[in-house]
Structures are given as C-alpha cells and as structure tokens.
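Quick look at data19.pdb (PDB, C-alpha atoms):
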```pdb
ATOM      1  CA  MET Y   1      -8.971  -4.776 -25.942
ATOM      2  CA  ASN Y   2      -7.104  -6.134 -22.926
ATOM      3  CA  ARG Y   3      -3.368  -5.786 -23.036
ATOM      4  CA  GLY Y   4      -1.133  -7.984 -20.948
ATOM      5  CA  GLU Y   5       1.708  -6.795 -18.785
ATOM      6  CA  THR Y   6       4.856  -6.334 -20.826
ATOM      7  CA  SER Y   7       8.390  -7.195 -19.774
ATOM      8  CA  GLY Y   8       8.936  -3.444 -19.325
ATOM      9  CA  ARG Y   9      12.378  -3.598 -20.900
ATOM     10  CA  ILE Y  10      11.545  -1.471 -23.951
ATOM     11  CA  GLU Y  11       9.755   1.167 -21.890
ATOM     12  CA  ALA Y  12      12.560   1.283 -19.329
ATOM     13  CA  ARG Y  13      15.239   1.600 -21.994
ATOM     14  CA  PHE Y  14      13.602   4.506 -23.833
ATOM     15  CA  GLU Y  15      12.838   6.234 -20.521
ATOM     16  CA  LYS Y  16      16.474   5.880 -19.461
ATOM     17  CA  LEU Y  17      17.758   7.235 -22.765
ATOM     18  CA  ALA Y  18      15.317  10.134 -22.703
ATOM     19  CA  GLY Y  19      16.779  11.038 -19.326
ATOM     20  CA  GLU Y  20      20.227  10.976 -20.896
ATOM     21  CA  GLY Y  21      19.023  13.186 -23.739
ATOM     22  CA  ARG Y  22      20.024  10.828 -26.505
ATOM     23  CA  ALA Y  23      18.546   8.424 -29.007
ATOM     24  CA  ALA Y  24      18.877   4.643 -29.001
ATOM     25  CA  PHE Y  25      21.137   2.632 -31.261
ATOM     26  CA  VAL Y  26      19.448  -0.516 -32.563
ATOM     27  CA  PRO Y  27      21.576  -3.020 -34.529
ATOM     28  CA  PHE Y  28      19.960  -5.797 -36.568
ATOM     29  CA  ILE Y  29      21.562  -9.196 -36.987
ATOM     30  CA  MET Y  30      20.171 -12.338 -38.567
ATOM     31  CA  ALA Y  31      19.868 -15.261 -36.149
ATOM     32  CA  ALA Y  32      22.183 -18.151 -37.157
ATOM     33  CA  ASP Y  33      24.155 -16.068 -39.668
ATOM     34  CA  PRO Y  34      26.554 -17.591 -40.641
ATOM     35  CA  ASP Y  35      26.009 -20.300 -37.999
ATOM     36  CA  LEU Y  36      24.321 -20.583 -34.634
ATOM     37  CA  GLU Y  37      27.384 -20.218 -32.406
ATOM     38  CA  THR Y  38      28.950 -17.309 -34.291
ATOM     39  CA  SER Y  39      25.613 -15.555 -34.386
ATOM     40  CA  PHE Y  40      25.198 -16.043 -30.638
ATOM     41  CA  ASP Y  41      28.688 -14.666 -29.990
ATOM     42  CA  ILE Y  42      27.719 -11.531 -31.933
ATOM     43  CA  LEU Y  43      24.393 -11.260 -30.098
ATOM     44  CA  GLN Y  44      26.084 -11.618 -26.738
ATOM     45  CA  GLY Y  45      28.626  -8.920 -27.591
ATOM     46  CA  LEU Y  46      26.193  -6.316 -28.909
ATOM     47  CA  PRO Y  47      25.280  -4.585 -25.602
ATOM     48  CA  ALA Y  48      28.938  -3.977 -24.714
ATOM     49  CA  ALA Y  49      29.451  -2.667 -28.265
ATOM     50  CA  GLY Y  50      26.755  -0.035 -27.738
ATOM     51  CA  ALA Y  51      23.446  -1.663 -28.631
ATOM     52  CA  ASP Y  52      20.575  -0.152 -26.668
ATOM     53  CA  LEU Y  53      17.967  -2.475 -28.182
ATOM     54  CA  ILE Y  54      18.542  -5.420 -30.528
ATOM     55  CA  GLU Y  55      16.596  -6.555 -33.575
ATOM     56  CA  LEU Y  56      17.110 -10.272 -34.156
ATOM     57  CA  GLY Y  57      16.141 -11.432 -37.622
ATOM     58  CA  VAL Y  58      14.083 -14.582 -38.108
ATOM     59  CA  MET Y  59      15.084 -16.338 -41.311
ATOM     60  CA  TYR Y  60      12.396 -16.546 -43.985
ATOM     61  CA  SER Y  61      12.787 -17.709 -47.569
ATOM     62  CA  ASP Y  62      10.670 -14.934 -49.154
ATOM     63  CA  PRO Y  63      11.665 -11.692 -47.379
ATOM     64  CA  MET Y  64       9.751  -9.068 -49.384
ATOM     65  CA  ALA Y  65      11.165  -6.008 -47.592
ATOM     66  CA  ASP Y  66      14.797  -7.081 -47.569
ATOM     67  CA  GLY Y  67      17.519  -6.142 -50.000
ATOM     68  CA  PRO Y  68      20.403  -8.326 -51.218
ATOM     69  CA  ALA Y  69      22.524  -8.100 -48.051
ATOM     70  CA  ILE Y  70      19.810  -9.325 -45.690
ATOM     71  CA  GLN Y  71      18.482 -11.830 -48.228
ATOM     72  CA  ALA Y  72      21.990 -13.303 -48.368
ATOM     73  CA  ALA Y  73      22.149 -13.300 -44.572
ATOM     74  CA  GLY Y  74      18.925 -15.290 -44.524
ATOM     75  CA  LEU Y  75      20.319 -17.863 -46.913
ATOM     76  CA  ARG Y  76      23.486 -18.190 -44.832
ATOM     77  CA  ALA Y  77      21.344 -18.567 -41.719
ATOM     78  CA  LYS Y  78      19.281 -21.298 -43.367
ATOM     79  CA  ALA Y  79      22.477 -23.157 -44.240
ATOM     80  CA  GLY Y  80      23.744 -22.479 -40.705
ATOM     81  CA  GLY Y  81      20.822 -24.202 -39.040
ATOM     82  CA  ALA Y  82      18.300 -21.406 -38.543
ATOM     83  CA  ARG Y  83      14.944 -22.435 -37.123
ATOM     84  CA  LEU Y  84      12.447 -20.464 -35.118
ATOM     85  CA  ASP Y  85      12.861 -22.639 -32.003
ATOM     86  CA  ARG Y  86      16.644 -22.238 -32.237
ATOM     87  CA  THR Y  87      16.236 -18.466 -32.522
ATOM     88  CA  LEU Y  88      14.201 -18.521 -29.317
ATOM     89  CA  ASP Y  89      16.927 -20.662 -27.737
ATOM     90  CA  MET Y  90      19.434 -17.929 -28.633
ATOM     91  CA  VAL Y  91      17.340 -15.357 -26.796
ATOM     92  CA  ARG Y  92      16.886 -17.667 -23.798
ATOM     93  CA  ARG Y  93      20.636 -18.236 -23.641
ATOM     94  CA  PHE Y  94      21.271 -14.472 -23.962
ATOM     95  CA  ARG Y  95      19.035 -13.883 -20.938
ATOM     96  CA  THR Y  96      20.178 -16.755 -18.734
ATOM     97  CA  GLY Y  97      23.691 -17.777 -19.830
ATOM     98  CA  ASP Y  98      26.954 -17.090 -18.037
ATOM     99  CA  ALA Y  99      26.842 -13.428 -19.102
ATOM    100  CA  GLY Y 100      23.053 -13.249 -18.873
ATOM    101  CA  ASP Y 101      21.549  -9.912 -19.947
ATOM    102  CA  ASN Y 102      18.107  -9.226 -18.551
ATOM    103  CA  ASP Y 103      18.029  -5.534 -19.464
ATOM    104  CA  THR Y 104      18.609  -5.131 -23.198
ATOM    105  CA  PRO Y 105      15.334  -5.373 -25.145
ATOM    106  CA  ILE Y 106      15.224  -7.930 -27.958
ATOM    107  CA  ILE Y 107      12.756  -7.585 -30.812
ATOM    108  CA  LEU Y 108      12.266 -10.391 -33.309
ATOM    109  CA  MET Y 109      11.923  -9.131 -36.884
ATOM    110  CA  GLY Y 110      10.625 -11.270 -39.697
ATOM    111  CA  TYR Y 111       7.531 -12.568 -41.445
ATOM    112  CA  TYR Y 112       4.351 -14.320 -40.402
ATOM    113  CA  ASN Y 113       4.731 -17.685 -42.091
ATOM    114  CA  PRO Y 114       7.299 -19.204 -39.666
ATOM    115  CA  ILE Y 115       5.152 -18.082 -36.707
ATOM    116  CA  TYR Y 116       1.983 -19.468 -38.308
ATOM    117  CA  ILE Y 117       3.679 -22.814 -38.885
ATOM    118  CA  TYR Y 118       5.043 -22.833 -35.315
ATOM    119  CA  GLY Y 119       1.589 -21.989 -33.949
ATOM    120  CA  VAL Y 120       0.668 -18.515 -32.682
ATOM    121  CA  ASP Y 121      -0.227 -19.438 -29.098
ATOM    122  CA  ARG Y 122       2.760 -21.714 -28.697
ATOM    123  CA  PHE Y 123       5.059 -19.127 -30.246
ATOM    124  CA  LEU Y 124       3.895 -16.289 -28.007
ATOM    125  CA  ALA Y 125       4.240 -18.437 -24.887
ATOM    126  CA  ASP Y 126       7.709 -19.627 -25.865
ATOM    127  CA  ALA Y 127       8.854 -16.160 -26.955
ATOM    128  CA  ARG Y 128       7.751 -14.574 -23.671
ATOM    129  CA  GLU Y 129       9.420 -17.343 -21.678
ATOM    130  CA  ALA Y 130      12.633 -16.983 -23.703
ATOM    131  CA  GLY Y 131      12.814 -13.229 -23.053
ATOM    132  CA  VAL Y 132      11.605 -11.669 -26.312
ATOM    133  CA  ASP Y 133      10.146  -8.187 -25.776
ATOM    134  CA  GLY Y 134       8.550  -7.327 -29.095
ATOM    135  CA  LEU Y 135       7.756  -8.389 -32.643
ATOM    136  CA  ILE Y 136       8.119  -6.719 -36.022
ATOM    137  CA  VAL Y 137       6.214  -8.808 -38.561
ATOM    138  CA  VAL Y 138       6.591  -7.139 -41.909
ATOM    139  CA  ASP Y 139       3.786  -8.764 -43.867
ATOM    140  CA  LEU Y 140       0.860  -8.397 -41.451
ATOM    141  CA  PRO Y 141      -1.131  -5.169 -42.063
ATOM    142  CA  PRO Y 142      -3.548  -3.710 -39.468
ATOM    143  CA  GLU Y 143      -6.453  -5.429 -41.230
ATOM    144  CA  GLU Y 144      -4.965  -8.767 -40.091
ATOM    145  CA  ASP Y 145      -4.442  -7.793 -36.439
ATOM    146  CA  VAL Y 146      -6.537 -10.725 -35.266
ATOM    147  CA  GLU Y 147      -3.924 -13.140 -36.636
ATOM    148  CA  LEU Y 148      -1.028 -12.182 -34.363
ATOM    149  CA  CYS Y 149      -1.033  -8.540 -33.254
ATOM    150  CA  LEU Y 150      -3.991  -8.744 -30.861
ATOM    151  CA  PRO Y 151      -2.973 -12.113 -29.357
ATOM    152  CA  ALA Y 152       0.551 -10.735 -28.891
ATOM    153  CA  LEU Y 153      -0.663  -7.606 -27.119
ATOM    154  CA  ALA Y 154      -2.930  -9.720 -24.899
ATOM    155  CA  THR Y 155       0.102 -11.674 -23.689
ATOM    156  CA  GLY Y 156       2.136  -8.519 -23.061
ATOM    157  CA  MET Y 157       4.307  -8.825 -26.170
ATOM    158  CA  HIS Y 158       4.918  -5.501 -27.930
ATOM    159  CA  PHE Y 159       3.819  -5.403 -31.561
ATOM    160  CA  ILE Y 160       5.830  -2.809 -33.464
ATOM    161  CA  ARG Y 161       4.353  -1.608 -36.725
ATOM    162  CA  LEU Y 162       6.165  -0.156 -39.716
ATOM    163  CA  ALA Y 163       5.238   3.252 -41.141
ATOM    164  CA  THR Y 164       6.698   4.284 -44.485
ATOM    165  CA  PRO Y 165       7.043   7.417 -46.645
ATOM    166  CA  THR Y 166       3.842   6.351 -48.411
ATOM    167  CA  THR Y 167       1.826   5.980 -45.186
ATOM    168  CA  ASN Y 168      -0.318   9.104 -45.375
ATOM    169  CA  ASP Y 169      -2.269  10.878 -42.631
ATOM    170  CA  ALA Y 170      -5.433   8.961 -43.514
ATOM    171  CA  ARG Y 171      -3.665   5.614 -43.063
ATOM    172  CA  LEU Y 172      -1.487   6.451 -40.041
ATOM    173  CA  PRO Y 173      -4.202   6.066 -37.342
ATOM    174  CA  ALA Y 174      -4.848   2.484 -38.474
ATOM    175  CA  VAL Y 175      -1.119   1.740 -38.498
ATOM    176  CA  ILE Y 176      -0.562   3.170 -35.029
ATOM    177  CA  ALA Y 177      -3.760   1.954 -33.343
ATOM    178  CA  ASN Y 178      -2.375  -1.334 -32.021
ATOM    179  CA  THR Y 179       1.322  -0.457 -32.189
ATOM    180  CA  SER Y 180       3.210  -0.589 -28.914
ATOM    181  CA  GLY Y 181       6.781  -0.187 -27.693
ATOM    182  CA  PHE Y 182       7.783   2.133 -30.508
ATOM    183  CA  VAL Y 183       6.917   2.944 -34.114
ATOM    184  CA  TYR Y 184       9.418   1.863 -36.755
ATOM    185  CA  TYR Y 185       9.690   4.424 -39.557
ATOM    186  CA  VAL Y 186      11.045   3.016 -42.823
ATOM    187  CA  ALA Y 187      13.057   5.950 -44.138
ATOM    188  CA  ILE Y 188      13.076   5.003 -47.803
ATOM    189  CA  ALA Y 189      10.476   3.778 -50.242
ATOM    190  CA  GLY Y 190      12.078   0.469 -51.080
ATOM    191  CA  ILE Y 191      13.963  -2.491 -49.650
ATOM    192  CA  THR Y 192      16.702  -2.580 -47.025
ATOM    193  CA  GLY Y 193      20.297  -1.688 -47.778
ATOM    194  CA  THR Y 194      19.764   0.187 -51.014
ATOM    195  CA  LYS Y 195      19.582   3.984 -51.298
ATOM    196  CA  SER Y 196      20.376   6.271 -48.376
ATOM    197  CA  ALA Y 197      17.750   8.229 -46.513
ATOM    198  CA  ASP Y 198      17.414  12.022 -46.758
ATOM    199  CA  ALA Y 199      17.744  13.670 -43.318
ATOM    200  CA  ALA Y 200      15.330  16.523 -44.081
ATOM    201  CA  GLU Y 201      12.651  14.120 -45.283
ATOM    202  CA  ILE Y 202      13.171  11.935 -42.219
ATOM    203  CA  GLN Y 203      12.809  14.899 -39.885
ATOM    204  CA  ALA Y 204       9.556  15.970 -41.507
ATOM    205  CA  SER Y 205       8.229  12.412 -41.319
ATOM    206  CA  VAL Y 206       9.242  11.944 -37.667
ATOM    207  CA  GLU Y 207       7.537  15.213 -36.770
ATOM    208  CA  ARG Y 208       4.408  14.037 -38.611
ATOM    209  CA  LEU Y 209       4.422  10.715 -36.737
ATOM    210  CA  LYS Y 210       4.844  12.550 -33.443
ATOM    211  CA  ARG Y 211       1.616  14.390 -34.140
ATOM    212  CA  HIS Y 212      -0.154  11.007 -34.168
ATOM    213  CA  THR Y 213       1.530   9.152 -31.286
ATOM    214  CA  ASP Y 214       3.448   9.570 -28.043
ATOM    215  CA  LEU Y 215       5.403   6.377 -28.722
ATOM    216  CA  PRO Y 216       9.134   6.630 -29.498
ATOM    217  CA  VAL Y 217       9.916   6.677 -33.216
ATOM    218  CA  ALA Y 218      12.788   4.536 -34.492
ATOM    219  CA  VAL Y 219      14.130   5.090 -38.004
ATOM    220  CA  GLY Y 220      15.687   2.391 -40.149
ATOM    221  CA  PHE Y 221      16.451   1.363 -43.748
ATOM    222  CA  GLY Y 222      19.147   3.280 -45.663
ATOM    223  CA  ILE Y 223      21.412   3.989 -42.655
ATOM    224  CA  LYS Y 224      24.895   2.651 -43.319
ATOM    225  CA  THR Y 225      27.522   4.858 -41.670
ATOM    226  CA  PRO Y 226      28.205   6.428 -38.242
ATOM    227  CA  ASP Y 227      27.532   9.879 -39.727
ATOM    228  CA  GLN Y 228      24.167   8.766 -41.131
ATOM    229  CA  ALA Y 229      23.299   7.118 -37.815
ATOM    230  CA  ALA Y 230      24.206  10.340 -36.012
ATOM    231  CA  ALA Y 231      22.039  12.404 -38.357
ATOM    232  CA  VAL Y 232      19.048  10.149 -37.666
ATOM    233  CA  ALA Y 233      19.733  10.082 -33.928
ATOM    234  CA  ALA Y 234      19.511  13.872 -33.910
ATOM    235  CA  ILE Y 235      15.910  13.824 -35.101
ATOM    236  CA  ALA Y 236      14.431  10.506 -33.943
ATOM    237  CA  ASP Y 237      14.285   8.358 -30.799
ATOM    238  CA  ALA Y 238      16.325   5.526 -32.293
ATOM    239  CA  ALA Y 239      18.479   4.682 -35.307
ATOM    240  CA  VAL Y 240      18.350   1.126 -36.700
ATOM    241  CA  VAL Y 241      21.192  -0.337 -38.782
ATOM    242  CA  GLY Y 242      20.965  -3.768 -40.388
ATOM    243  CA  SER Y 243      22.378  -4.215 -43.876
ATOM    244  CA  ALA Y 244      25.779  -2.672 -43.088
ATOM    245  CA  ILE Y 245      26.204  -5.054 -40.143
ATOM    246  CA  VAL Y 246      25.164  -8.227 -41.963
ATOM    247  CA  GLN Y 247      27.407  -7.183 -44.877
ATOM    248  CA  MET Y 248      30.311  -7.131 -42.406
ATOM    249  CA  VAL Y 249      29.428 -10.743 -41.604
ATOM    250  CA  ALA Y 250      29.563 -11.549 -45.325
ATOM    251  CA  ASP Y 251      32.912  -9.775 -45.677
ATOM    252  CA  ASN Y 252      34.451 -11.979 -42.984
ATOM    253  CA  LEU Y 253      33.690 -15.408 -44.423
ATOM    254  CA  ASP Y 254      36.288 -17.703 -45.922
ATOM    255  CA  SER Y 255      36.062 -19.332 -49.351
ATOM    256  CA  ASN Y 256      33.878 -22.102 -47.854
ATOM    257  CA  GLY Y 257      31.430 -19.631 -46.350
ATOM    258  CA  LYS Y 258      32.668 -20.275 -42.830
ATOM    259  CA  ALA Y 259      33.371 -17.585 -40.267
ATOM    260  CA  LYS Y 260      36.938 -16.291 -40.198
ATOM    261  CA  PRO Y 261      38.428 -16.017 -36.667
ATOM    262  CA  GLU Y 262      38.138 -12.214 -36.738
ATOM    263  CA  LEU Y 263      34.477 -12.109 -37.824
ATOM    264  CA  VAL Y 264      32.893 -11.449 -34.443
ATOM    265  CA  THR Y 265      35.490  -8.829 -33.515
ATOM    266  CA  ASN Y 266      35.051  -6.991 -36.814
ATOM    267  CA  VAL Y 267      31.255  -7.012 -36.599
ATOM    268  CA  LEU Y 268      31.338  -5.688 -33.048
ATOM    269  CA  GLU Y 269      33.882  -3.005 -33.996
ATOM    270  CA  LEU Y 270      31.557  -1.770 -36.732
ATOM    271  CA  THR Y 271      28.685  -1.855 -34.255
ATOM    272  CA  ARG Y 272      30.726   0.163 -31.784
ATOM    273  CA  SER Y 273      31.521   2.834 -34.400
ATOM    274  CA  LEU Y 274      27.845   3.141 -35.354
ATOM    275  CA  ALA Y 275      26.850   3.350 -31.684
ATOM    276  CA  GLU Y 276      29.411   6.079 -31.083
ATOM    277  CA  GLY Y 277      27.871   8.029 -33.953
ATOM    278  CA  VAL Y 278      24.475   7.803 -32.279
ATOM    279  CA  ARG Y 279      25.862   8.721 -28.870
ATOM    280  CA  GLY Y 280      27.615  11.742 -30.339
ATOM    281  CA  ALA Y 281      24.399  13.197 -31.664
ATOM    282  CA  ALA Y 282      22.394  15.566 -29.530
ATOM    283  CA  ARG Y 283      18.765  14.813 -30.074
ATOM    284  CA  LYS Y 284      16.731  17.726 -31.340
ATOM    285  CA  ALA Y 285      13.200  18.467 -30.211
ATOM    286  CA  ALA Y 286      11.419  16.477 -32.901
ATOM    287  CA  GLN Y 287       8.740  15.559 -30.416
TER     288      GLN Y 287
END
```
Would you mind writing the structure in this file as structure tokens?
Amino acid sequence: MNRGETSGRIEARFEKLAGEGRAAFVPFIMAADPDLETSFDILQGLPAAGADLIELGVMYSDPMADGPAIQAAGLRAKAGGARLDRTLDMVRRFRTGDAGDNDTPIILMGYYNPIYIYGVDRFLADAREAGVDGLIVVDLPPEEDVELCLPALATGMHFIRLATPTTNDARLPAVIANTSGFVYYVAIAGITGTKSADAAEIQASVERLKRHTDLPVAVGFGIKTPDQAAAVAAIADAAVVGSAIVQMVADNLDSNGKAKPELVTNVLELTRSLAEGVRGAARKAAQ
C-alpha cells in the first residue's frame, strides 16, 4: 500500500531520545476534562513538565478498555463540552497559539464511533491540518484496517496498534503489519488504572515484540508512580501514564465539579515527577 508522508514529529522525537540514551515519557489526558480551557492549560503545560509525546483522549461514552478513573474523566469531559471538532481545535491551538509547539508529537487515543460519525476522510484531513501525528483507536482490529487504518496511513497519519499480554506470536504479525510510529504494549490483561504491571513480564514481552518489529515499543496501563515509570523506562522505549494523571484532575475539583485554582499546577507537578522518574532510568538493551 502507499503510505503518505508523515509529519515526522514522532520519528524525530524517538530518534532524539535514542541519541540521549533514554526512553520517552508519554502522559495521557482527556480532552475537555474537566472543561475545555482547563484541559488546554494542562495540554499546553505538558512539554515543559517533561512530556516527550502526548496522548490526548477523545471522549467516548462506551470506553471498553478504560477503568473507572478514565471513564470518569470521559464523563467530566462530556459535561465540559467535549466534541471531536473541539478536540482538534485544542491541538490546532497547541500548535499555533501564543506558545505554539510544533515539535511535541500528539496522538489522539479513543474509539472509532466518534470518527465514523465525523466522517473518516474529513476527520483525517482536519486532524492532519490541526497537527495530530498519530491515532490509537482501541476497538479497530487489523481485520478492519480498511475502515480507518489504511486511509490514515495513506494520508501520512501514524496508526499505532495495541499489543497485549494475550497477543501471541501467531497474532503479532497481523497486529504489527500496518502499525507505524510505535507499538503500544498494554502491560496488563485488563482495563486502565487497575492492577500494576510486573517489570519482569514487561521486559520479556518487550523483548518478544522487538523480535517482530524495529518500531519503538511504548508500555502503558498499570503505571502509576515515578518508580514504576522508571522501571518501565529501563526496558522499553516509552512509558505511558494516564489514570494517575486524570485522577489528579478528579482530586482537584470542588464540590460542584469545577476546577480548583491549583488544579493545573498540581497536575503538572505530578507529570513532572513522573517524567523525572523516566529521565532517571538508564535504558537497558531490550532491543
């Protein structure tokens, strides 16, 4: 198949970090959680707080892979005005606003239904124009690549596939075939924000993935603390943290569900501590 020219931001970022001998830190936030402006303030502050790449959640009412913390974030986002076009506006503003960032990769993470309703061709055009670099669409398996994956790749949008502890060697080639940018390894068999991942099992899984692909391997799900992020960063190309960050949003709401004045600062402080954990880890040769 023909693949379009990508933005190059994801490739450049992993190449830069490889030269520095360290893994990437990838925070996840939900767009419009708890409201559009507060969410944008967090997004805008993430690079200075240590984010190397950013996963921006797209609200969906039936998030099958998400645990209670991210489900709650989605509900807050819905109440806060979340819509797919407004999420793209956030990215556009991040790229072109007063403190415009044209270097930090942004990956949208969510489910297919909102994109289907928006219209695939229109979505891909608008997402590229806004400055989105890649997509993680949880509920589209390789057998449905014609729906979104192949059109995305043709426009130069990275399509990042999830591999899990139950993805065996027979299944992996199909999972990786049209994956680009990086592979996202789900470290636990279950939903986000529940049990913690086992470092030895992650290392074995990352090494197995590396036998199937030259793409960077990011690890997420079950990473909650700077020490856990450091342990993952020592054996993978990136550590992804989501539930702990969106829980910090929840912990800084007032009795009416509105953002307290210190919310953004507290979320970015947590992000900074997680990023420092990743930066303190020397990456081992798991590749």
Subject >> Spatial neighbours of Asn2 in chain Y, 12 Å, all atoms listed in the file, chain gap at least 2 places, as a PyMOL selection string >> reply: chain Y and resi 4-5+150-156+178
Original post:
So what does the PyMOL selection byres ((chain Y and resi 87) around 9) actually pick up in this one, as an MDAnalysis selection string?
Top reply: chainID Y and resid 31:32 36 56:58 82:86 88:92
**OP:** Using CA of Ala250 in chain Y and CA of Glu55 in chain Y as the two end points, give the distance in Å to one decimal.
**Re:**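 That distance, rounded to one decimal, is 18.2 Å.
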Original post:
From the set Y:Ser39, Y:Thr164, Y:Ser243, Y:Asn113, which residue has the shortest atom-to-atom contact distance to Val183 in chain Y, counting only C-alpha atoms?
Top reply: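 Of Y:Ser39, Y:Thr164, Y:Ser243, Y:Asn113, the one nearest Val183 in chain Y, counting only C-alpha atoms, is Y:Thr164.
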Original post:
For the atom pair CA of Ala163 in chain Y and CA of Tyr185 in chain Y, what is the interatomic distance in Å to one decimal place?
Top reply: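 Going from CA of Ala163 in chain Y over to CA of Tyr185 in chain Y, I get 4.9 Å.
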**OP:** For the structure provided, state which residues fall under the PyMOL selection byres ((chain Y and resi 14) around 9), and present them as an NGL selection string.
**Re:** :Y and (9-13 or 15-19 or 23-24 or 52 or 216 or 237-238)
Subject >> Nearest to Val132 in chain Y by atom-to-atom distance, counting all atoms listed in the file, from Y:Ile54, Y:Leu148, Y:Ala275, Y:Ala170 >> reply: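 Closest to Val132 in chain Y, using all atoms listed in the file: Y:Ile54.
CA of Gly242 in chain Y lies 8.9 Å from CA of Ala69 in chain Y.
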**OP:** List the residues matched by the PyMOL selection byres ((chain Y and resi 200-208) around 10) in the displayed structure as a PyMOL selection string, ordered by chain and then by residue number.
**Re:** chain Y and resi 163-165+167-169+172+183+185-188+197-199+209-213+216-219+231-232+234-237+284-287
Original post:
Which is closest to Ala281 in chain Y among Y:Glu147, Y:Asp98, Y:Asp227, Y:Asp254, if we use only C-alpha atoms?
Top reply: Y:Asp227
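Checking Y:Asp103, Y:Asp133, Y:Phe25, Y:Val138 one by one against Ser273 in chain Y, counting all atoms listed in the file, you find the shortest gap at Y:Phe25.
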**OP:** Mind listing whatever residues come within 10 Å of the point (27.9, 1.6, -25.3)? Use only C-alpha atoms, file coordinates, and give them as a ChimeraX atom specification.
**Re:** /Y:25,46-52,271-273,275-276,278-279
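If you measure from each of Y:Ile160, Y:Ala130, Y:Met30, Y:Leu108 to Lys78 in chain Y using all atoms listed in the file, the closest one turns out to be Y:Met30.
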Subject >> Expected answer as a PyMOL selection string: all residues with atoms within 9 Å of (22.6, -15.4, -45.5), only C-alpha atoms >> reply: chain Y and resi 30+32-34+59+69-80+246+250
Might I get the box with edges along x, y and z of the file that holds all atoms of range 219-223 of chain Y listed there, padded by 8 Å on every side, given as centre and edge lengths in Å to one decimal, as JSON?
```
{"center_x": 17.8, "center_y": 3.2, "center_z": -41.8, "size_x": 23.3, "size_y": 19.7, "size_z": 23.7}
```
**OP:** May I ask which of the residues Y:Tyr118, Y:Lys224, Y:Phe159, Y:Ala99 is the closest one to Phe28 in chain Y, counting only C-alpha atoms?
**Re:** Y:Lys224
